[in-house]
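File shown here: structure_37.txt, holding compact mmCIF, C-alpha atoms.
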# COMPACT_ATOMS: atom_id res chain seq x y z
CA MET A 1 121.46 136.94 105.17
CA ASP A 2 120.09 134.17 102.99
CA VAL A 3 116.48 133.67 104.07
CA ASN A 4 116.09 130.54 101.95
CA ARG A 5 119.04 128.91 103.63
CA TRP A 6 117.94 130.03 107.08
CA VAL A 7 114.44 128.58 106.64
CA ASP A 8 115.71 125.39 105.02
CA GLU A 9 118.03 124.84 107.98
CA ARG A 10 115.10 125.17 110.38
CA LEU A 11 112.95 122.83 108.33
CA SER A 12 115.74 120.28 107.91
CA SER A 13 115.70 119.82 111.68
CA LEU A 14 112.42 117.95 111.07
CA ASP A 15 113.99 115.33 108.82
CA PRO A 16 113.38 111.86 110.24
CA PRO A 17 116.54 109.82 110.90
CA ASP A 18 117.93 108.20 107.77
CA ASP A 19 117.81 104.80 109.39
CA TRP A 20 114.09 105.07 110.13
CA ARG A 21 112.32 102.64 107.80
CA PRO A 22 108.53 102.60 108.19
CA ASP A 23 107.36 99.01 107.75
CA SER A 24 104.73 98.98 105.03
CA SER A 25 103.82 95.32 105.57
CA ALA A 26 103.04 95.87 109.24
CA ALA A 27 101.13 99.05 108.39
CA PHE A 28 99.08 97.27 105.75
CA ALA A 29 98.25 94.48 108.19
CA ARG A 30 97.20 97.06 110.81
CA LEU A 31 95.03 98.83 108.27
CA ARG A 32 93.28 95.59 107.41
CA ARG A 33 92.71 94.79 111.08
CA ARG A 34 91.38 98.27 111.74
CA HIS A 35 88.73 97.95 109.07
CA ALA A 36 87.95 94.32 109.74
CA PRO A 37 84.97 94.86 112.09
CA ALA A 38 83.10 96.80 109.44
CA ARG A 39 83.91 94.12 106.91
CA ARG A 40 82.63 91.36 109.19
CA ARG A 41 79.42 93.22 109.84
CA TRP A 42 78.90 93.74 106.13
CA TRP A 43 79.46 90.10 105.32
CA LEU A 44 77.19 88.98 108.11
CA TRP A 45 74.51 91.20 106.64
CA ALA A 46 75.23 89.91 103.13
CA SER A 47 75.14 86.29 104.29
CA LEU A 48 71.83 86.80 106.06
CA SER A 49 70.42 88.53 102.99
CA ALA A 50 71.60 85.69 100.77
CA ALA A 51 70.07 83.11 103.10
CA ALA A 52 66.79 85.02 103.16
CA ALA A 53 66.80 85.30 99.35
CA ALA A 54 67.49 81.57 99.02
CA ALA A 55 64.69 80.72 101.44
CA ALA A 56 62.29 82.95 99.52
CA GLY A 57 63.35 81.34 96.24
CA CYS A 58 62.71 77.85 97.62
CA ALA A 59 59.29 78.91 98.84
CA VAL A 60 58.40 80.23 95.39
CA LEU A 61 59.61 77.02 93.75
CA LEU A 62 57.48 74.93 96.08
CA LEU A 63 54.44 77.03 95.30
CA VAL A 64 54.77 76.85 91.53
CA SER A 65 55.89 73.24 91.17
CA THR A 66 53.46 70.36 90.63
CA PRO A 67 54.40 67.29 92.64
CA SER A 68 52.54 64.99 90.28
CA ALA A 69 54.82 66.08 87.42
CA CYS A 70 58.14 65.63 89.17
CA ALA A 71 59.07 65.10 92.75
CA ASN A 72 62.71 65.89 92.11
CA PRO A 73 63.17 68.69 89.59
CA LEU A 74 66.93 68.09 89.44
CA GLY A 75 66.41 64.60 88.06
CA CYS A 76 63.73 65.41 85.48
CA ARG A 77 63.90 66.63 81.95
CA PRO A 78 60.96 68.46 80.38
CA LEU A 79 59.74 67.00 77.10
CA PRO A 80 58.15 68.96 74.24
CA GLY A 81 54.60 69.90 75.09
CA GLY A 82 55.33 70.43 78.73
CA VAL A 83 55.04 66.81 79.77
CA VAL A 84 57.58 65.80 82.36
CA SER A 85 59.45 62.56 81.85
CA ALA A 86 60.52 60.07 84.44
CA PRO A 87 63.69 60.99 86.33
CA LEU A 88 66.91 60.59 84.36
CA VAL A 89 69.50 58.03 85.30
CA THR A 90 71.90 60.83 86.12
CA ALA A 91 71.28 62.90 89.20
CA ARG A 92 71.88 66.15 87.36
CA GLY A 93 69.67 68.07 85.02
CA PRO A 94 69.48 71.11 82.79
CA HIS A 95 71.55 73.91 84.19
CA THR A 96 71.35 77.17 82.30
CA ASN A 97 73.35 79.22 84.77
CA PHE A 98 76.30 76.92 85.21
CA LYS A 99 78.92 79.59 84.54
CA GLU A 100 77.88 81.52 87.62
CA SER A 101 78.32 80.52 91.22
CA GLY A 102 77.93 82.23 94.56
CA SER A 103 75.26 84.47 95.93
CA PRO A 104 73.73 87.15 93.67
CA ALA A 105 73.73 89.35 96.79
CA ALA A 106 77.49 88.96 97.29
CA PRO A 107 79.32 92.25 97.85
CA VAL A 108 81.94 91.35 95.26
CA THR A 109 81.36 90.07 91.73
CA CYS A 110 84.34 88.51 89.98
CA GLU A 111 84.65 87.53 86.34
CA LEU A 112 87.25 84.93 85.41
CA TYR A 113 88.36 84.89 81.77
CA THR A 114 90.06 81.63 80.83
CA ASP A 115 91.25 79.54 77.92
CA TYR A 116 91.27 75.77 78.37
CA GLU A 117 94.49 75.41 76.44
CA CYS A 118 96.34 77.97 78.59
CA SER A 119 98.68 76.34 81.08
CA HIS A 120 98.46 79.33 83.47
CA CYS A 121 94.68 79.00 83.45
CA ALA A 122 95.06 75.31 84.28
CA ALA A 123 97.35 76.11 87.19
CA PHE A 124 94.96 78.79 88.42
CA TYR A 125 91.90 76.58 88.10
CA LEU A 126 93.45 73.59 89.80
CA GLN A 127 95.41 75.33 92.55
CA THR A 128 93.80 78.67 93.32
CA MET A 129 90.17 78.17 92.38
CA PRO A 130 89.47 75.64 95.15
CA GLN A 131 90.67 78.15 97.74
CA LEU A 132 88.77 81.00 96.13
CA SER A 133 85.59 78.93 95.99
CA ALA A 134 85.83 77.64 99.54
CA ARG A 135 86.72 80.97 101.11
CA TYR A 136 84.59 83.38 99.16
CA VAL A 137 82.15 81.81 96.71
CA ASP A 138 80.64 79.07 98.84
CA SER A 139 80.35 81.46 101.78
CA GLY A 140 78.34 83.98 99.75
CA LYS A 141 80.98 86.68 99.74
CA VAL A 142 81.79 86.51 96.05
CA ARG A 143 79.67 85.90 92.98
CA LEU A 144 81.92 84.26 90.39
CA ILE A 145 81.24 84.31 86.66
CA HIS A 146 83.30 82.16 84.30
CA ARG A 147 83.88 83.59 80.85
CA ASP A 148 85.42 81.84 77.87
CA LEU A 149 88.25 83.60 76.12
CA PRO A 150 89.80 81.07 73.72
CA LEU A 151 92.93 82.67 72.36
CA ALA A 152 93.57 82.64 68.64
CA ASN A 153 96.93 80.93 69.00
CA HIS A 154 95.40 77.95 70.81
CA ARG A 155 94.08 75.61 68.18
CA TYR A 156 91.64 73.58 70.25
CA ALA A 157 90.68 76.06 72.96
CA ARG A 158 87.40 77.04 71.32
CA LEU A 159 86.31 73.44 70.84
CA ALA A 160 87.18 72.73 74.47
CA ALA A 161 85.02 75.67 75.55
CA LEU A 162 82.11 74.31 73.50
CA TYR A 163 82.44 70.89 75.13
CA ALA A 164 82.64 72.40 78.61
CA ASP A 165 79.62 74.61 78.02
CA ALA A 166 77.57 71.77 76.55
CA ALA A 167 78.47 69.61 79.53
CA GLY A 168 77.65 72.55 81.77
CA GLU A 169 74.11 72.68 80.47
CA ALA A 170 73.77 69.06 81.54
CA GLY A 171 75.16 69.81 84.99
CA TYR A 172 78.76 68.67 84.44
CA TYR A 173 80.58 71.96 84.00
CA ARG A 174 82.98 71.64 86.91
CA ASP A 175 83.80 68.00 86.19
CA VAL A 176 84.57 68.71 82.55
CA ALA A 177 86.46 71.94 83.19
CA GLU A 178 88.66 70.21 85.72
CA ARG A 179 89.23 67.24 83.40
CA LEU A 180 90.16 69.52 80.51
CA TYR A 181 92.62 71.49 82.61
CA ARG A 182 94.17 68.34 84.04
CA THR A 183 94.65 66.80 80.60
CA GLU A 184 95.36 69.94 78.61
CA VAL A 185 98.85 68.68 77.82
CA VAL A 186 97.31 65.60 76.17
CA TRP A 187 94.41 66.94 74.10
CA SER A 188 96.18 70.11 73.05
CA THR A 189 98.46 67.96 70.91
CA ASP A 190 95.88 65.76 69.17
CA GLY A 191 92.64 67.70 69.64
CA ASP A 192 90.85 64.67 71.05
CA ILE A 193 88.80 66.53 73.61
CA ASP A 194 85.89 64.15 73.24
CA VAL A 195 87.69 61.23 74.82
CA GLN A 196 88.62 63.30 77.87
CA VAL A 197 85.11 64.64 78.38
CA ALA A 198 83.63 61.17 77.99
CA LYS A 199 85.65 60.02 80.99
CA VAL A 200 83.70 62.26 83.40
CA VAL A 201 80.28 62.43 81.76
CA PRO A 202 77.81 59.51 81.61
CA ALA A 203 77.35 57.96 78.16
CA ALA A 204 73.77 59.15 77.74
CA VAL A 205 74.72 62.70 78.57
CA MET A 206 77.80 62.48 76.38
CA GLU A 207 75.63 61.83 73.34
CA LYS A 208 73.76 65.00 74.01
CA VAL A 209 76.99 66.93 74.58
CA ARG A 210 78.35 65.74 71.22
CA SER A 211 75.15 66.66 69.50
CA GLN A 212 75.17 70.13 70.99
CA VAL A 213 78.81 70.76 70.17
CA ARG A 214 78.06 69.73 66.57
CA ASP A 215 74.73 71.48 66.01
CA ASP A 216 73.83 73.95 68.74
CA SER A 217 74.82 77.44 67.65
CA SER A 218 73.84 78.88 71.03
CA LEU A 219 77.05 77.45 72.49
CA GLU A 220 79.15 79.29 69.95
CA ASN A 221 77.08 82.42 70.55
CA SER A 222 77.74 82.15 74.26
CA VAL A 223 81.50 81.99 73.67
CA LYS A 224 81.27 84.92 71.27
CA ALA A 225 79.35 86.90 73.88
CA ASP A 226 82.12 86.26 76.40
CA GLU A 227 84.74 87.31 73.85
CA ALA A 228 82.80 90.49 73.13
CA GLU A 229 82.66 91.23 76.84
CA ALA A 230 86.41 90.74 77.05
CA ARG A 231 86.99 93.13 74.14
CA ARG A 232 84.71 95.69 75.73
CA LYS A 233 86.79 95.51 78.89
CA HIS A 234 90.11 95.49 77.00
CA ILE A 235 91.00 92.02 78.24
CA ASP A 236 93.32 90.18 75.92
CA ARG A 237 95.04 87.61 78.11
CA THR A 238 94.19 84.67 80.27
CA PRO A 239 93.68 84.05 83.04
CA THR A 240 92.23 87.44 83.90
CA LEU A 241 90.30 88.00 87.09
CA LEU A 242 88.15 91.08 87.28
CA CYS A 243 86.48 91.88 90.60
CA ASN A 244 83.95 94.71 90.86
CA GLY A 245 85.40 96.03 87.61
CA ARG A 246 88.99 96.03 88.80
CA THR A 247 91.64 93.76 87.36
CA ILE A 248 93.35 91.68 90.00
CA GLY A 249 96.97 90.86 89.41
CA PRO A 250 99.14 90.38 87.48
CA ASP A 251 100.04 88.26 90.50
CA LEU A 252 97.14 85.81 90.86
CA SER A 253 98.35 84.03 93.97
CA PHE A 254 95.62 83.39 96.49
CA PRO A 255 97.04 85.72 99.19
CA ARG A 256 97.02 88.58 96.68
CA ILE A 257 93.49 87.77 95.53
CA GLU A 258 92.40 87.47 99.14
CA ALA A 259 93.80 90.89 99.99
CA GLN A 260 92.15 92.52 97.00
CA ILE A 261 88.76 90.93 97.57
CA ASP A 262 88.83 91.85 101.25
CA LEU A 263 89.51 95.44 100.31
CA LEU A 264 86.73 95.51 97.74
CA ALA A 265 84.30 94.07 100.27
CA MET A 266 85.32 96.74 102.78
CA GLU A 267 84.66 99.38 100.17
CA ARG A 268 80.96 98.55 100.12
CA MET B 1 102.31 108.58 90.04
CA GLU B 2 99.24 107.65 88.05
CA ILE B 3 96.39 105.33 88.92
CA HIS B 4 94.02 103.64 86.51
CA ALA B 5 90.92 102.73 88.46
CA ASP B 6 90.23 99.56 86.52
CA SER B 7 93.60 98.05 87.34
CA PHE B 8 94.47 99.71 90.65
CA ASP B 9 96.38 97.24 92.77
CA PHE B 10 96.01 98.95 96.13
CA GLU B 11 98.34 96.68 98.04
CA ALA B 12 101.20 97.14 95.59
CA PHE B 13 100.57 100.89 95.53
CA PHE B 14 100.53 100.97 99.31
CA HIS B 15 103.90 99.24 99.61
CA ALA B 16 105.42 101.46 96.92
CA HIS B 17 104.48 104.78 98.50
CA TYR B 18 103.95 104.17 102.18
CA GLU B 19 107.48 104.94 103.37
CA ARG B 20 107.78 108.25 101.58
CA ILE B 21 104.36 109.41 102.76
CA ALA B 22 105.16 108.35 106.32
CA ARG B 23 108.38 110.38 106.23
CA VAL B 24 106.54 113.47 104.98
CA ILE B 25 104.01 113.22 107.78
CA ALA B 26 106.72 112.50 110.35
CA ARG B 27 108.28 115.87 109.51
CA VAL B 28 105.04 117.50 110.55
CA VAL B 29 103.92 115.52 113.56
CA GLY B 30 107.24 114.24 114.90
CA ASP B 31 105.73 111.11 116.39
CA HIS B 32 106.89 108.34 114.11
CA SER B 33 104.31 105.78 115.13
CA ARG B 34 101.54 108.34 114.67
CA ALA B 35 103.05 109.32 111.30
CA GLN B 36 102.85 105.70 110.20
CA ASP B 37 99.20 105.48 111.19
CA LEU B 38 98.37 108.68 109.36
CA ALA B 39 100.28 107.56 106.26
CA ALA B 40 98.25 104.36 106.14
CA GLU B 41 95.05 106.38 106.57
CA ALA B 42 96.06 108.80 103.80
CA LEU B 43 96.61 105.90 101.42
CA TRP B 44 93.34 104.33 102.53
CA LYS B 45 91.60 107.64 101.88
CA LEU B 46 93.03 107.69 98.36
CA TRP B 47 91.69 104.18 97.73
CA ARG B 48 88.25 105.22 98.98
CA THR B 49 88.17 108.35 96.82
CA PRO B 50 87.71 107.35 93.16
CA ARG B 51 87.79 110.95 91.97
CA ALA B 52 91.35 111.18 93.27
CA HIS B 53 92.45 108.29 91.05
CA GLY B 54 94.06 109.24 87.80
CA GLU B 55 96.94 111.32 86.58
CA ASN B 56 97.38 113.40 89.72
CA ALA B 57 96.87 110.69 92.32
CA GLY B 58 100.34 111.37 93.72
CA GLY B 59 99.65 115.05 94.14
CA TRP B 60 96.35 114.32 95.84
CA LEU B 61 98.09 111.88 98.18
CA TYR B 62 100.87 114.28 99.21
CA ARG B 63 98.45 117.14 99.75
CA THR B 64 96.16 114.94 101.82
CA ALA B 65 99.07 113.56 103.83
CA VAL B 66 100.39 117.02 104.71
CA ARG B 67 96.94 118.29 105.63
CA MET B 68 96.35 115.31 107.88
CA GLY B 69 99.70 116.00 109.51
CA LEU B 70 98.96 119.69 109.99
CA ASN B 71 95.53 118.95 111.42
CA GLU B 72 97.11 116.55 113.83
CA LEU B 73 99.74 119.09 114.79
CA ARG B 74 97.18 121.84 115.32
CA SER B 75 94.95 119.66 117.39
CA GLY B 76 97.76 119.75 119.94
CA ARG B 77 96.43 116.66 121.62
CA ARG B 78 99.66 114.76 121.49
CA ARG B 79 102.12 117.54 120.97
CA LEU B 80 103.91 117.07 124.24
CA GLN B 81 104.35 113.40 123.55
CA TYR B 82 105.79 113.78 120.08
CA GLU B 83 109.33 114.41 121.01
CA SER B 84 109.48 111.65 123.55
CA LEU B 85 108.01 109.19 121.09
CA ALA B 86 109.85 110.48 118.08
CA GLY B 87 112.64 107.97 117.96
CA GLU B 88 115.57 110.35 117.98
CA PRO B 89 118.62 109.87 115.82
CA PRO B 90 120.84 107.32 117.53
CA ARG B 91 123.87 109.58 118.02
CA LEU B 92 123.01 112.80 119.82
CA PRO B 93 126.23 114.14 121.25
CA THR B 94 125.08 115.56 124.56
CA PRO B 95 121.87 115.88 126.51
CA GLU B 96 122.03 119.66 126.12
CA GLU B 97 122.30 119.42 122.35
CA ALA B 98 119.54 116.86 122.24
CA HIS B 99 117.32 119.15 124.25
CA ALA B 100 118.13 122.12 122.04
CA ALA B 101 117.39 120.10 118.89
CA ALA B 102 114.08 118.89 120.30
CA GLU B 103 113.18 122.44 121.29
CA GLU B 104 113.95 123.71 117.82
CA ARG B 105 111.84 121.04 116.20
CA ALA B 106 108.94 121.93 118.46
CA GLN B 107 109.35 125.59 117.54
CA VAL B 108 109.49 124.88 113.82
CA ARG B 109 106.32 122.81 114.05
CA GLN B 110 104.66 125.54 116.05
CA ILE B 111 105.41 128.01 113.28
CA LEU B 112 104.18 125.66 110.58
CA ALA B 113 100.94 125.19 112.48
CA ALA B 114 100.52 128.96 112.65
CA LEU B 115 101.06 129.60 108.94
CA PRO B 116 98.25 129.53 106.38
CA ASP B 117 97.67 126.02 105.00
CA ARG B 118 99.04 126.72 101.56
CA GLN B 119 102.31 128.14 102.84
CA ALA B 120 102.83 125.37 105.37
CA GLU B 121 102.09 122.73 102.73
CA LEU B 122 104.55 124.34 100.33
CA LEU B 123 107.34 124.40 102.91
CA ILE B 124 106.77 120.86 104.14
CA LEU B 125 106.55 119.30 100.71
CA ARG B 126 109.52 121.29 99.43
CA SER B 127 111.60 120.21 102.39
CA SER B 128 110.46 116.63 101.70
CA GLY B 129 112.22 116.80 98.36
CA LEU B 130 109.39 117.55 95.91
CA THR B 131 110.38 119.51 92.82
CA TYR B 132 108.57 122.68 91.82
CA ASP B 133 106.64 120.74 89.18
CA GLU B 134 105.62 118.15 91.75
CA LEU B 135 104.61 120.88 94.16
CA ALA B 136 102.49 122.51 91.47
CA ALA B 137 100.75 119.21 90.75
CA ALA B 138 100.23 118.37 94.42
CA LEU B 139 98.86 121.74 95.43
CA GLY B 140 97.09 122.70 92.21
CA LEU B 141 99.36 125.67 91.53
CA ASN B 142 100.58 127.27 88.33
CA PRO B 143 104.10 125.85 87.90
CA ALA B 144 105.38 129.30 86.95
CA SER B 145 104.23 130.72 90.30
CA VAL B 146 105.62 128.02 92.58
CA GLY B 147 109.00 129.71 93.03
CA THR B 148 107.42 133.00 94.01
CA LEU B 149 104.95 131.37 96.36
CA ALA B 150 107.70 129.30 97.97
CA ALA B 151 109.79 132.43 98.53
CA ARG B 152 106.82 134.15 100.15
CA ALA B 153 106.20 131.12 102.32
CA ARG B 154 109.80 131.20 103.51
CA GLN B 155 109.54 134.92 104.30
CA ALA B 156 106.35 134.31 106.22
CA PHE B 157 107.95 131.47 108.12
CA ARG B 158 110.94 133.58 109.16
CA LYS B 159 108.75 136.52 110.10
CA GLU B 160 106.54 134.36 112.28
CA TYR B 161 109.52 132.61 113.81
CA LEU B 162 111.20 135.88 114.79
CA LYS B 163 107.90 137.20 116.08
CA GLN B 164 107.44 134.25 118.40
CA TYR B 165 111.00 133.46 119.40
CA GLY B 166 112.96 136.60 118.61
CA THR B 167 116.63 136.44 117.77
CA ARG B 168 117.70 134.90 121.07
CA ARG B 169 119.06 131.74 119.49
CA ASN B 170 118.23 131.20 115.88
CA GLY B 171 117.30 134.55 114.52
CA ARG B 172 120.76 135.53 113.35

What does this structure look like when you write it as structure tokens?
Amino acid sequence: MDVNRWVDERLSSLDPPDDWRPDSSAAFARLRRRHAPARRRWWLWASLSAAAAAAAGCAVLLLVSTPSACANPLGCRPLPGGVVSAPLVTARGPHTNFKESGSPAAPVTCELYTDYECSHCAAFYLQTMPQLSARYVDSGKVRLIHRDLPLANHRYARLAALYADAAGEAGYYRDVAERLYRTEVVWSTDGDIDVQVAKVVPAAVMEKVRSQVRDDSSLENSVKADEAEARRKHIDRTPTLLCNGRTIGPDLSFPRIEAQIDLLAMER
Amino acid sequence: MEIHADSFDFEAFFHAHYERIARVIARVVGDHSRAQDLAAEALWKLWRTPRAHGENAGGWLYRTAVRMGLNELRSGRRRLQYESLAGEPPRLPTPEEAHAAAEERAQVRQILAALPDRQAELLILRSSGLTYDELAAALGLNPASVGTLAARARQAFRKEYLKQYGTRRNGR
């Protein structure tokens, strides 16, 4: 008697029917629902923590600020020697952390590597970013860091990054980034980035932006630092979205990003 | 099946492997809806276990899936419900044959639950279509020994089967 055959016959009685097709989509949805309560609790805790941190930060600012120097810090510009000038015409002021948004206490930190001359980056920034920001960044669930990765084959991408970063320091990062992405088809042919930026930045600020792009090596250093970070993480294409160290994609549709971020938040 | 932690797309991985894992577990527990739940949990467990990511992620997943199935089977909590919930093949010729088939499946599962883990895992994964190399990777065995161990597992299965059920129907 063939024992192998005898045993295999017994075991084959356990084979599920050939027409049984477990539904992975339904199972994935159930899995997400099952772990949702924990996720909600975590985000509630994170939101409360972020709110508490923000309140503490405001309190510290109030304590250290001098009302006689400036009643509205966002509209003032410090002059050499520590004297504070009158409020600027523009409502925005120096912004050193413009590439980051969202709560530092967020459970998920995402880095977005982009190139202003990359059409996929433009599509991502204009179509997906608003959803990502509204759903996760503004609600304190994701801390988002923009990183410049001008690709070598894009002639004007680096200059565009310098303009955006200079404008960012004056508080116009989002306006300029959006303008550059919307008009990428135009300036990528003639390199006239200046005229596009000037359309969304007040004239007085634009002078400073031009001056910085021309003379301020810290802008170039900032781009180089982002490029070094990309090399360290073996990122060589744009757009690349890295959340808690994991590359999202290659599909960067919002539903896919949403699913991945939800999972990362549950992991905490 | 290899996972690189820095680029692990869990959702894509889930969809790619869920059906096969669910079918492996269904062999063990019989209850298809329970098998689907356990398959999802096995994949979730893989995602939550970074040390399992890497070259042998597939092996880790199969081993975990079978163990979860065996634990479920041994717990016996739902054993009586399995066959009624199992979703039988659509064409069972007669009620008597259907009953006999269900009885045999229950007996086979009973024997698997009684065997040592390693032997039960070997038999289940082998009958699920894994090659000897895949079995070695999944269970952490020397590939050269898999054939011998599988043969011993089959002998043990038959011995236990005859011990419990004799030769009255299947012990020919």

Residue with smallest distance to Asp117 of chain B - pool B:Ser33, B:Thr131, B:Asn71, B:Asn56, counting only C-alpha atoms: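 Smallest separation from Asp117 of chain B among the options: B:Asn71.
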
Using all atoms listed in the file, find all polymer residues with an atom at most 12 Å away from the point (93.1, 78.5, 78.8); report them as number ranges by chain. A: 112-125, 146-161, 177-178, 180-185, 188, 237-240

To one decimal place in Å, what is the distance between atom CA of Cys110 of chain A and atom CA of Gly245 of chain A? 8.0 Å

Find the residue from A:Gln131, A:Ser25, A:Gln196, A:Thr109 that sits nearest to chain B; use only C-alpha atoms when measuring. A:Ser25

Each chain A residue no farther than 7 Å from chain B, nearest pair in Å, all atoms listed in the file, as a Markdown table:
| residue | atom | partner | partner_atom | distance |
| --- | --- | --- | --- | --- |
| A:Asn4 | CA | B:Arg154 | CA | 6.5 |
| A:Val7 | CA | B:Arg154 | CA | 6.2 |
| A:Arg10 | CA | B:Val108 | CA | 6.6 |
| A:Leu11 | CA | B:Ser127 | CA | 6.6 |
| A:Ser12 | CA | B:Ser127 | CA | 6.9 |
| A:Ser13 | CA | B:Arg105 | CA | 6.1 |
| A:Leu14 | CA | B:Arg27 | CA | 4.9 |
| A:Asp15 | CA | B:Arg27 | CA | 5.8 |
| A:Pro16 | CA | B:Arg27 | CA | 6.5 |
| A:Pro17 | CA | B:Pro89 | CA | 5.3 |
| A:Arg21 | CA | B:Glu19 | CA | 7.0 |
| A:Pro22 | CA | B:Glu19 | CA | 5.5 |
| A:Ser24 | CA | B:His15 | CA | 5.5 |
| A:Ala27 | CA | B:Ala40 | CA | 6.4 |
| A:Leu31 | CA | B:Ala40 | CA | 6.7 |
| A:Gly245 | CA | B:Asp6 | CA | 6.1 |
| A:Arg246 | CA | B:Asp6 | CA | 4.4 |
| A:Thr247 | CA | B:Ser7 | CA | 4.7 |
| A:Ile248 | CA | B:Ser7 | CA | 6.9 |
| A:Glu267 | CA | B:Arg48 | CA | 7.0 |

Report the distance between atom CA of Arg214 of chain A and atom CA of Ala230 of chain A in Å, rounded to one decimal place.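 That distance, rounded to one decimal, is 24.9 Å.
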
Using only C-alpha atoms, collect all residues at a distance of at most 10 Å from (99.0, 119.6, 90.4) as written in the file, then present them as a ChimeraX atom specification. /B:55-60,63,133-143

As an exercise, work out the distance from atom CA of Tyr163 of chain A to atom CA of Ala225 of chain A in Å and give it to one decimal place. 16.4 Å
